[in-house]
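Engineer: File follows, input.cif with mmCIF, N, CA and C atoms:
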data_data
#
loop_
_atom_site.label_atom_id
_atom_site.label_comp_id
_atom_site.auth_asym_id
_atom_site.auth_seq_id
_atom_site.Cartn_x
_atom_site.Cartn_y
_atom_site.Cartn_z
N MET A 1 124.09 291.65 68.48
CA MET A 1 125.36 291.74 69.17
C MET A 1 125.18 291.71 70.68
N ASN A 2 124.23 292.51 71.20
CA ASN A 2 123.98 292.53 72.63
C ASN A 2 123.48 291.18 73.13
N ASN A 3 122.64 290.51 72.31
CA ASN A 3 122.15 289.19 72.69
C ASN A 3 123.29 288.19 72.79
N GLN A 4 124.25 288.31 71.87
CA GLN A 4 125.39 287.40 71.90
C GLN A 4 126.23 287.63 73.15
N ILE A 5 126.44 288.86 73.52
CA ILE A 5 127.22 289.19 74.71
C ILE A 5 126.49 288.68 75.96
N LEU A 6 125.18 288.89 76.01
CA LEU A 6 124.39 288.40 77.13
C LEU A 6 124.45 286.88 77.22
N SER A 7 124.37 286.24 76.08
CA SER A 7 124.42 284.78 76.04
C SER A 7 125.78 284.27 76.52
N GLU A 8 126.83 284.91 76.07
CA GLU A 8 128.19 284.51 76.49
C GLU A 8 128.39 284.73 77.99
N ASN A 9 127.89 285.86 78.50
CA ASN A 9 128.00 286.14 79.94
C ASN A 9 127.19 285.14 80.76
N ASN A 10 126.01 284.80 80.24
CA ASN A 10 125.15 283.82 80.92
C ASN A 10 125.84 282.46 80.96
N GLN A 11 126.44 282.06 79.86
CA GLN A 11 127.15 280.78 79.80
C GLN A 11 128.34 280.78 80.75
N LYS A 12 129.05 281.89 80.78
CA LYS A 12 130.21 282.01 81.67
C LYS A 12 129.77 281.90 83.13
N SER A 13 128.65 282.53 83.46
CA SER A 13 128.12 282.45 84.81
C SER A 13 127.71 281.02 85.17
N LYS A 14 127.08 280.32 84.23
CA LYS A 14 126.69 278.93 84.45
C LYS A 14 127.93 278.05 84.67
N ASP A 15 128.94 278.28 83.86
CA ASP A 15 130.18 277.51 84.01
C ASP A 15 130.83 277.76 85.37
N GLU A 16 130.83 279.01 85.82
CA GLU A 16 131.41 279.34 87.12
C GLU A 16 130.59 278.70 88.24
N ASN A 17 129.27 278.69 88.11
CA ASN A 17 128.41 278.06 89.11
C ASN A 17 128.67 276.56 89.18
N LYS A 18 128.84 275.95 88.02
CA LYS A 18 129.14 274.51 88.01
C LYS A 18 130.48 274.24 88.67
N ARG A 19 131.47 275.04 88.33
CA ARG A 19 132.79 274.88 88.92
C ARG A 19 132.73 275.03 90.43
N ASP A 20 132.00 276.05 90.89
CA ASP A 20 131.86 276.27 92.33
C ASP A 20 131.15 275.09 93.00
N PHE A 21 130.12 274.56 92.34
CA PHE A 21 129.40 273.41 92.87
C PHE A 21 130.33 272.21 93.00
N TYR A 22 131.11 271.94 91.96
CA TYR A 22 132.02 270.79 91.99
C TYR A 22 133.13 270.99 93.00
N LEU A 23 133.60 272.21 93.14
CA LEU A 23 134.63 272.51 94.13
C LEU A 23 134.09 272.30 95.54
N LYS A 24 132.89 272.81 95.82
CA LYS A 24 132.27 272.61 97.14
C LYS A 24 132.02 271.13 97.39
N SER A 25 131.58 270.41 96.37
CA SER A 25 131.34 268.97 96.52
C SER A 25 132.64 268.24 96.84
N SER A 26 133.71 268.60 96.16
CA SER A 26 135.02 267.97 96.41
C SER A 26 135.48 268.25 97.83
N LYS A 27 135.34 269.50 98.27
CA LYS A 27 135.75 269.86 99.62
C LYS A 27 134.91 269.13 100.66
N LYS A 28 133.61 269.00 100.39
CA LYS A 28 132.72 268.31 101.34
C LYS A 28 133.09 266.83 101.42
N LEU A 29 133.43 266.23 100.28
CA LEU A 29 133.82 264.83 100.26
C LEU A 29 135.13 264.62 101.03
N ILE A 30 136.08 265.51 100.85
CA ILE A 30 137.34 265.43 101.60
C ILE A 30 137.07 265.58 103.09
N SER A 31 136.22 266.51 103.45
CA SER A 31 135.86 266.71 104.85
C SER A 31 135.16 265.46 105.41
N PHE A 32 134.28 264.88 104.61
CA PHE A 32 133.58 263.65 105.00
C PHE A 32 134.59 262.55 105.34
N PHE A 33 135.57 262.32 104.46
CA PHE A 33 136.55 261.27 104.72
C PHE A 33 137.43 261.60 105.91
N ASN A 34 137.86 262.85 106.03
CA ASN A 34 138.69 263.24 107.17
C ASN A 34 137.94 263.09 108.48
N ASN A 35 136.68 263.52 108.52
CA ASN A 35 135.87 263.38 109.74
C ASN A 35 135.67 261.91 110.08
N THR A 36 135.46 261.10 109.07
CA THR A 36 135.23 259.68 109.30
C THR A 36 136.49 259.02 109.85
N ILE A 37 137.62 259.34 109.29
CA ILE A 37 138.89 258.74 109.74
C ILE A 37 139.24 259.23 111.14
N ASN A 38 138.98 260.50 111.42
CA ASN A 38 139.35 261.07 112.72
C ASN A 38 138.41 260.68 113.85
N ARG A 39 137.22 260.24 113.52
CA ARG A 39 136.23 259.91 114.56
C ARG A 39 135.77 258.47 114.41
N ARG A 40 136.69 257.58 114.43
CA ARG A 40 136.39 256.17 114.20
C ARG A 40 135.68 255.55 115.39
N ASN A 41 134.82 254.63 115.07
CA ASN A 41 134.15 253.79 116.06
C ASN A 41 133.74 252.52 115.33
N PRO A 42 133.37 251.47 116.02
CA PRO A 42 133.08 250.19 115.35
C PRO A 42 131.99 250.29 114.27
N SER A 43 130.99 251.10 114.50
CA SER A 43 129.91 251.24 113.52
C SER A 43 130.42 251.88 112.23
N VAL A 44 131.16 252.96 112.38
CA VAL A 44 131.69 253.66 111.21
C VAL A 44 132.75 252.80 110.53
N ASP A 45 133.52 252.06 111.31
CA ASP A 45 134.51 251.17 110.72
C ASP A 45 133.85 250.14 109.80
N LEU A 46 132.66 249.66 110.20
CA LEU A 46 131.93 248.72 109.36
C LEU A 46 131.55 249.36 108.03
N ILE A 47 131.13 250.61 108.08
CA ILE A 47 130.75 251.33 106.87
C ILE A 47 131.95 251.46 105.94
N MET A 48 133.07 251.83 106.51
CA MET A 48 134.23 252.13 105.70
C MET A 48 135.00 250.88 105.28
N SER A 49 134.62 249.72 105.81
CA SER A 49 135.37 248.51 105.51
C SER A 49 135.21 248.07 104.06
N SER A 50 134.04 248.31 103.49
CA SER A 50 133.78 247.89 102.11
C SER A 50 132.41 248.40 101.68
N PRO A 51 132.14 248.40 100.39
CA PRO A 51 130.78 248.75 99.94
C PRO A 51 129.73 247.83 100.56
N THR A 52 130.09 246.58 100.76
CA THR A 52 129.16 245.63 101.36
C THR A 52 128.88 246.01 102.81
N GLY A 53 129.90 246.35 103.57
CA GLY A 53 129.71 246.79 104.95
C GLY A 53 128.83 248.03 105.02
N CYS A 54 129.05 248.93 104.08
CA CYS A 54 128.23 250.14 104.01
C CYS A 54 126.76 249.79 103.76
N MET A 55 126.52 248.89 102.83
CA MET A 55 125.15 248.48 102.53
C MET A 55 124.51 247.80 103.74
N VAL A 56 125.26 246.96 104.43
CA VAL A 56 124.73 246.24 105.58
C VAL A 56 124.24 247.22 106.64
N ILE A 57 125.11 248.13 107.05
CA ILE A 57 124.72 249.01 108.15
C ILE A 57 123.66 250.02 107.73
N THR A 58 123.70 250.48 106.49
CA THR A 58 122.67 251.43 106.07
C THR A 58 121.30 250.76 105.95
N GLU A 59 121.27 249.51 105.54
CA GLU A 59 119.98 248.79 105.50
C GLU A 59 119.44 248.59 106.92
N VAL A 60 120.31 248.26 107.86
CA VAL A 60 119.88 248.07 109.24
C VAL A 60 119.38 249.40 109.83
N MET A 61 120.11 250.48 109.59
CA MET A 61 119.69 251.78 110.12
C MET A 61 118.40 252.25 109.46
N LYS A 62 118.26 252.02 108.17
CA LYS A 62 117.03 252.40 107.48
C LYS A 62 115.84 251.66 108.09
N SER A 63 115.99 250.38 108.30
CA SER A 63 114.93 249.58 108.91
C SER A 63 114.62 250.09 110.32
N TYR A 64 115.64 250.45 111.05
CA TYR A 64 115.46 250.97 112.41
C TYR A 64 114.62 252.25 112.38
N TYR A 65 114.96 253.19 111.50
CA TYR A 65 114.25 254.47 111.46
C TYR A 65 112.84 254.34 110.86
N LEU A 66 112.64 253.36 110.01
CA LEU A 66 111.30 253.10 109.47
C LEU A 66 110.47 252.23 110.40
N ASN A 67 111.12 251.73 111.46
CA ASN A 67 110.47 250.86 112.43
C ASN A 67 109.87 249.62 111.75
N THR A 68 110.67 249.00 110.88
CA THR A 68 110.24 247.79 110.18
C THR A 68 111.13 246.62 110.61
N ASN A 69 110.57 245.43 110.53
CA ASN A 69 111.33 244.23 110.85
C ASN A 69 112.30 243.91 109.72
N LEU A 70 113.49 243.52 110.10
CA LEU A 70 114.49 243.13 109.12
C LEU A 70 115.13 241.83 109.57
N SER A 71 114.76 240.75 108.90
CA SER A 71 115.36 239.46 109.25
C SER A 71 116.76 239.39 108.68
N LYS A 72 117.53 238.48 109.22
CA LYS A 72 118.90 238.30 108.74
C LYS A 72 118.89 237.94 107.25
N GLN A 73 117.98 237.04 106.86
CA GLN A 73 117.90 236.64 105.45
C GLN A 73 117.49 237.81 104.57
N ASP A 74 116.51 238.61 105.01
CA ASP A 74 116.10 239.78 104.22
C ASP A 74 117.25 240.77 104.07
N LEU A 75 118.01 240.96 105.15
CA LEU A 75 119.16 241.86 105.10
C LEU A 75 120.16 241.38 104.06
N VAL A 76 120.48 240.10 104.12
CA VAL A 76 121.45 239.55 103.17
C VAL A 76 120.93 239.70 101.74
N ASN A 77 119.67 239.40 101.52
CA ASN A 77 119.09 239.52 100.17
C ASN A 77 119.14 240.96 99.67
N LYS A 78 118.81 241.93 100.53
CA LYS A 78 118.86 243.34 100.12
C LYS A 78 120.27 243.77 99.76
N VAL A 79 121.22 243.33 100.56
CA VAL A 79 122.62 243.73 100.31
C VAL A 79 123.12 243.09 99.03
N VAL A 80 122.83 241.81 98.85
CA VAL A 80 123.31 241.12 97.65
C VAL A 80 122.68 241.73 96.40
N SER A 81 121.40 242.04 96.45
CA SER A 81 120.76 242.63 95.27
C SER A 81 121.18 244.07 95.07
N GLY A 82 121.59 244.75 96.15
CA GLY A 82 122.01 246.14 96.04
C GLY A 82 123.43 246.30 95.57
N VAL A 83 124.30 245.41 95.97
CA VAL A 83 125.71 245.51 95.60
C VAL A 83 125.97 244.83 94.28
N SER A 84 125.57 243.58 94.20
CA SER A 84 125.82 242.81 92.99
C SER A 84 125.06 241.51 93.08
N LEU A 85 124.41 241.15 92.01
CA LEU A 85 123.68 239.88 91.99
C LEU A 85 124.62 238.69 92.11
N SER A 86 125.88 238.89 91.78
CA SER A 86 126.85 237.80 91.86
C SER A 86 127.58 237.80 93.21
N MET A 87 127.17 238.69 94.12
CA MET A 87 127.80 238.75 95.44
C MET A 87 127.58 237.44 96.18
N ASN A 88 128.59 236.99 96.84
CA ASN A 88 128.54 235.76 97.60
C ASN A 88 127.77 236.00 98.91
N GLN A 89 126.63 235.32 99.09
CA GLN A 89 125.83 235.51 100.29
C GLN A 89 126.59 235.17 101.56
N SER A 90 127.45 234.16 101.49
CA SER A 90 128.17 233.78 102.71
C SER A 90 129.08 234.91 103.19
N SER A 91 129.60 235.72 102.27
CA SER A 91 130.42 236.86 102.67
C SER A 91 129.59 237.89 103.44
N VAL A 92 128.36 238.09 102.99
CA VAL A 92 127.48 239.04 103.67
C VAL A 92 127.11 238.50 105.05
N TYR A 93 126.79 237.22 105.12
CA TYR A 93 126.49 236.61 106.41
C TYR A 93 127.66 236.78 107.38
N LYS A 94 128.89 236.63 106.89
CA LYS A 94 130.06 236.79 107.75
C LYS A 94 130.15 238.21 108.31
N ILE A 95 129.85 239.20 107.46
CA ILE A 95 129.88 240.59 107.92
C ILE A 95 128.81 240.81 108.99
N VAL A 96 127.62 240.30 108.74
CA VAL A 96 126.52 240.45 109.71
C VAL A 96 126.87 239.74 111.01
N ASP A 97 127.37 238.51 110.92
CA ASP A 97 127.75 237.77 112.12
C ASP A 97 128.85 238.47 112.91
N LYS A 98 129.82 239.04 112.20
CA LYS A 98 130.90 239.78 112.87
C LYS A 98 130.33 241.02 113.56
N ALA A 99 129.38 241.69 112.91
CA ALA A 99 128.76 242.88 113.52
C ALA A 99 127.97 242.50 114.77
N ILE A 100 127.35 241.34 114.75
CA ILE A 100 126.62 240.86 115.93
C ILE A 100 127.62 240.53 117.04
N LYS A 101 128.68 239.83 116.67
CA LYS A 101 129.71 239.46 117.65
C LYS A 101 130.34 240.70 118.28
N ASN A 102 130.54 241.74 117.49
CA ASN A 102 131.16 242.98 117.97
C ASN A 102 130.14 243.95 118.57
N GLN A 103 128.93 243.49 118.75
CA GLN A 103 127.85 244.26 119.37
C GLN A 103 127.49 245.55 118.62
N ILE A 104 127.64 245.49 117.31
CA ILE A 104 127.16 246.58 116.45
C ILE A 104 125.67 246.37 116.20
N PHE A 105 125.29 245.10 116.00
CA PHE A 105 123.89 244.71 115.85
C PHE A 105 123.53 243.70 116.93
N SER A 106 122.23 243.59 117.17
CA SER A 106 121.70 242.52 118.00
C SER A 106 120.84 241.64 117.12
N SER A 107 120.79 240.38 117.47
CA SER A 107 119.93 239.43 116.79
C SER A 107 118.86 239.02 117.79
N VAL A 108 117.61 239.36 117.49
CA VAL A 108 116.51 239.09 118.42
C VAL A 108 115.46 238.24 117.74
N LEU A 109 114.79 237.43 118.55
CA LEU A 109 113.72 236.59 118.01
C LEU A 109 112.50 237.46 117.70
N LYS A 110 111.88 237.17 116.57
CA LYS A 110 110.66 237.88 116.19
C LYS A 110 109.54 237.45 117.14
N GLU A 111 108.77 238.41 117.60
CA GLU A 111 107.72 238.14 118.59
C GLU A 111 106.73 237.07 118.13
N ASP A 112 106.23 237.20 116.90
CA ASP A 112 105.16 236.31 116.45
C ASP A 112 105.65 235.09 115.67
N ASP A 113 106.97 234.97 115.49
CA ASP A 113 107.51 233.81 114.79
C ASP A 113 108.92 233.56 115.32
N LYS A 114 109.03 232.70 116.29
CA LYS A 114 110.30 232.46 116.99
C LYS A 114 111.37 231.81 116.10
N ARG A 115 110.99 231.42 114.90
CA ARG A 115 111.99 230.85 113.99
C ARG A 115 112.80 231.93 113.29
N VAL A 116 112.31 233.16 113.32
CA VAL A 116 112.93 234.26 112.59
C VAL A 116 113.74 235.14 113.54
N ARG A 117 114.97 235.42 113.13
CA ARG A 117 115.83 236.32 113.89
C ARG A 117 115.86 237.67 113.17
N LEU A 118 115.60 238.72 113.93
CA LEU A 118 115.63 240.08 113.40
C LEU A 118 116.97 240.72 113.75
N ILE A 119 117.43 241.56 112.86
CA ILE A 119 118.68 242.29 113.06
C ILE A 119 118.33 243.74 113.40
N VAL A 120 118.84 244.21 114.53
CA VAL A 120 118.59 245.59 114.96
C VAL A 120 119.93 246.20 115.42
N PRO A 121 120.07 247.50 115.26
CA PRO A 121 121.30 248.13 115.76
C PRO A 121 121.26 248.20 117.28
N THR A 122 122.41 248.08 117.91
CA THR A 122 122.47 248.27 119.36
C THR A 122 122.30 249.76 119.67
N ASN A 123 122.01 250.07 120.91
CA ASN A 123 121.88 251.48 121.31
C ASN A 123 123.17 252.24 121.02
N GLN A 124 124.31 251.60 121.27
CA GLN A 124 125.60 252.24 121.01
C GLN A 124 125.76 252.55 119.52
N THR A 125 125.33 251.63 118.67
CA THR A 125 125.42 251.86 117.23
C THR A 125 124.53 253.01 116.80
N VAL A 126 123.32 253.05 117.33
CA VAL A 126 122.42 254.17 117.00
C VAL A 126 123.07 255.48 117.42
N ASN A 127 123.63 255.53 118.63
CA ASN A 127 124.31 256.75 119.09
C ASN A 127 125.50 257.10 118.21
N ASP A 128 126.32 256.10 117.89
CA ASP A 128 127.50 256.32 117.04
C ASP A 128 127.09 256.84 115.66
N MET A 129 126.08 256.21 115.08
CA MET A 129 125.67 256.58 113.72
C MET A 129 125.03 257.97 113.71
N GLU A 130 124.21 258.27 114.70
CA GLU A 130 123.59 259.60 114.74
C GLU A 130 124.64 260.68 114.93
N LYS A 131 125.62 260.42 115.76
CA LYS A 131 126.71 261.38 115.94
C LYS A 131 127.48 261.56 114.63
N TRP A 132 127.75 260.45 113.96
CA TRP A 132 128.48 260.50 112.70
C TRP A 132 127.65 261.22 111.63
N PHE A 133 126.35 260.93 111.55
CA PHE A 133 125.48 261.60 110.58
C PHE A 133 125.49 263.12 110.84
N ASP A 134 125.43 263.50 112.10
CA ASP A 134 125.47 264.93 112.44
C ASP A 134 126.80 265.58 112.02
N GLU A 135 127.89 264.85 112.24
CA GLU A 135 129.21 265.39 111.93
C GLU A 135 129.46 265.52 110.43
N ILE A 136 129.03 264.52 109.67
CA ILE A 136 129.33 264.58 108.24
C ILE A 136 128.35 265.46 107.49
N ASN A 137 127.16 265.68 108.07
CA ASN A 137 126.21 266.64 107.52
C ASN A 137 125.98 266.46 106.02
N LEU A 138 125.60 265.26 105.62
CA LEU A 138 125.39 264.98 104.20
C LEU A 138 124.11 265.57 103.66
N VAL A 139 123.09 265.63 104.49
CA VAL A 139 121.79 266.10 104.01
C VAL A 139 121.55 267.51 104.47
#
Take the structure in this file and express it as structure tokens.
Structural biologist:
Amino acid sequence: MNNQILSENNQKSKDENKRDFYLKSSKKLISFFNNTINRRNPSVDLIMSSPTGCMVITEVMKSYYLNTNLSKQDLVNKVVSGVSLSMNQSSVYKIVDKAIKNQIFSSVLKEDDKRVRLIVPTNQTVNDMEKWFDEINLV
């Protein structure tokens, strides 16, 4: 009898912990969206424009922080394979080109192969993204 009561209390505690976890997660997600909407900038707008825009900028930022070269073609391939194999590459190129035009990214020639253009975030984008990462506090 005592074991059954302990078991029931333990299960109830686990259920309450799960509920609290999901409630905190929901509140954090709402806060994330509110902070994003209230603190808009071109970099964050690209993220929120579509799942593809989100993949584009996160791949560029990941490459930036890993200090690795990311060509335009490699970026498009990563985004297409990450979002959907049936994703239209020209749509991704348009997003990247628009980001370059809007000075979210820069396109620079690779030092050792002038035929290759690398995609890097502008200083403003790095500042915008770091500020946004700090504000949303996901990790």
Engineer: Name the residues in contact with Val108 in chain A at a cut-off of 6 Å, using all atoms listed in the file, excluding same-chain residues fewer than 6 positions from it; report them as a list of chain:residue names.
Structural biologist: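 Within the cut-off, the hits are A:Val116, A:Arg117, A:Leu118, A:Ile119, A:Val120.
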Engineer: Between A:Asp74, A:Val56, A:Glu135, A:Ser25, which residue has the minimum interatomic distance to Ile95 in chain A, considering all atoms listed in the file?
Structural biologist: A:Val56
Engineer: Using all atoms listed in the file, which of A:Ile104, A:Leu46, A:Asn17, A:Leu75 sits nearest Glu59 in chain A?
Structural biologist: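 Nearest to Glu59 in chain A: A:Leu75.
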Engineer: Between atom C of Arg115 in chain A and atom C of Val80 in chain A, what is the spacing in Å?
Structural biologist: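 If I compute the distance from atom C of Val80 in chain A to atom C of Arg115 in chain A, I get 21.9 Å.
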Engineer: Taking (123.1, 241.7, 101.9) as a centre in this file's frame and 8 Å as the limit, can you find every polymer residue with an atom that close, using all atoms listed in the file, and give them as a ChimeraX atom specification?
Structural biologist: /A:52,55-56,72-83,88-89,91-93
Engineer: For the residues in that selection, give me N, CA and C atoms as an mmCIF file, keeping the file's coordinate frame.
Structural biologist:
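Just written: part.cif:
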data_model
loop_
_atom_site.group_PDB
_atom_site.id
_atom_site.type_symbol
_atom_site.label_atom_id
_atom_site.label_comp_id
_atom_site.auth_asym_id
_atom_site.auth_seq_id
_atom_site.Cartn_x
_atom_site.Cartn_y
_atom_site.Cartn_z
ATOM 1 N N THR A 52 130.090 246.580 100.760
ATOM 2 C CA THR A 52 129.160 245.630 101.360
ATOM 3 C C THR A 52 128.880 246.010 102.810
ATOM 4 N N MET A 55 126.520 248.890 102.830
ATOM 5 C CA MET A 55 125.150 248.480 102.530
ATOM 6 C C MET A 55 124.510 247.800 103.740
ATOM 7 N N VAL A 56 125.260 246.960 104.430
ATOM 8 C CA VAL A 56 124.730 246.240 105.580
ATOM 9 C C VAL A 56 124.240 247.220 106.640
ATOM 10 N N LYS A 72 117.530 238.480 109.220
ATOM 11 C CA LYS A 72 118.900 238.300 108.740
ATOM 12 C C LYS A 72 118.890 237.940 107.250
ATOM 13 N N GLN A 73 117.980 237.040 106.860
ATOM 14 C CA GLN A 73 117.900 236.640 105.450
ATOM 15 C C GLN A 73 117.490 237.810 104.570
ATOM 16 N N ASP A 74 116.510 238.610 105.010
ATOM 17 C CA ASP A 74 116.100 239.780 104.220
ATOM 18 C C ASP A 74 117.250 240.770 104.070
ATOM 19 N N LEU A 75 118.010 240.960 105.150
ATOM 20 C CA LEU A 75 119.160 241.860 105.100
ATOM 21 C C LEU A 75 120.160 241.380 104.060
ATOM 22 N N VAL A 76 120.480 240.100 104.120
ATOM 23 C CA VAL A 76 121.450 239.550 103.170
ATOM 24 C C VAL A 76 120.930 239.700 101.740
ATOM 25 N N ASN A 77 119.670 239.400 101.520
ATOM 26 C CA ASN A 77 119.090 239.520 100.170
ATOM 27 C C ASN A 77 119.140 240.960 99.670
ATOM 28 N N LYS A 78 118.810 241.930 100.530
ATOM 29 C CA LYS A 78 118.860 243.340 100.120
ATOM 30 C C LYS A 78 120.270 243.770 99.760
ATOM 31 N N VAL A 79 121.220 243.330 100.560
ATOM 32 C CA VAL A 79 122.620 243.730 100.310
ATOM 33 C C VAL A 79 123.120 243.090 99.030
ATOM 34 N N VAL A 80 122.830 241.810 98.850
ATOM 35 C CA VAL A 80 123.310 241.120 97.650
ATOM 36 C C VAL A 80 122.680 241.730 96.400
ATOM 37 N N SER A 81 121.400 242.040 96.450
ATOM 38 C CA SER A 81 120.760 242.630 95.270
ATOM 39 C C SER A 81 121.180 244.070 95.070
ATOM 40 N N GLY A 82 121.590 244.750 96.150
ATOM 41 C CA GLY A 82 122.010 246.140 96.040
ATOM 42 C C GLY A 82 123.430 246.300 95.570
ATOM 43 N N VAL A 83 124.300 245.410 95.970
ATOM 44 C CA VAL A 83 125.710 245.510 95.600
ATOM 45 C C VAL A 83 125.970 244.830 94.280
ATOM 46 N N ASN A 88 128.590 236.990 96.840
ATOM 47 C CA ASN A 88 128.540 235.760 97.600
ATOM 48 C C ASN A 88 127.770 236.000 98.910
ATOM 49 N N GLN A 89 126.630 235.320 99.090
ATOM 50 C CA GLN A 89 125.830 235.510 100.290
ATOM 51 C C GLN A 89 126.590 235.170 101.560
ATOM 52 N N SER A 91 129.600 235.720 102.270
ATOM 53 C CA SER A 91 130.420 236.860 102.670
ATOM 54 C C SER A 91 129.590 237.890 103.440
ATOM 55 N N VAL A 92 128.360 238.090 102.990
ATOM 56 C CA VAL A 92 127.480 239.040 103.670
ATOM 57 C C VAL A 92 127.110 238.500 105.050
ATOM 58 N N TYR A 93 126.790 237.220 105.120
ATOM 59 C CA TYR A 93 126.490 236.610 106.410
ATOM 60 C C TYR A 93 127.660 236.780 107.380
#
Engineer: Could you tell me how far atom N of Ser43 in chain A lies from CA of Asn123 in chain A, in Å and to one decimal?
Structural biologist: 11.4 Å
Engineer: If you run DSSP over the backbone, which residues in range 16-113 of chain A end up strand (DSSP E)? Put them as a list in words.
Structural biologist: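 Of range 16-113 of chain A, only Phe105, Ser106, Ser107, Val108, Leu109, Lys110 and Asp113 of chain A fall in strand (DSSP E).
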Engineer: Between A:Pro121, A:Val60, A:Phe33, A:Lys114, which residue has the minimum interatomic distance to Asn102 in chain A, considering only C-alpha atoms?
Structural biologist: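 With only C-alpha atoms as the atom set, the closest residue is A:Pro121.
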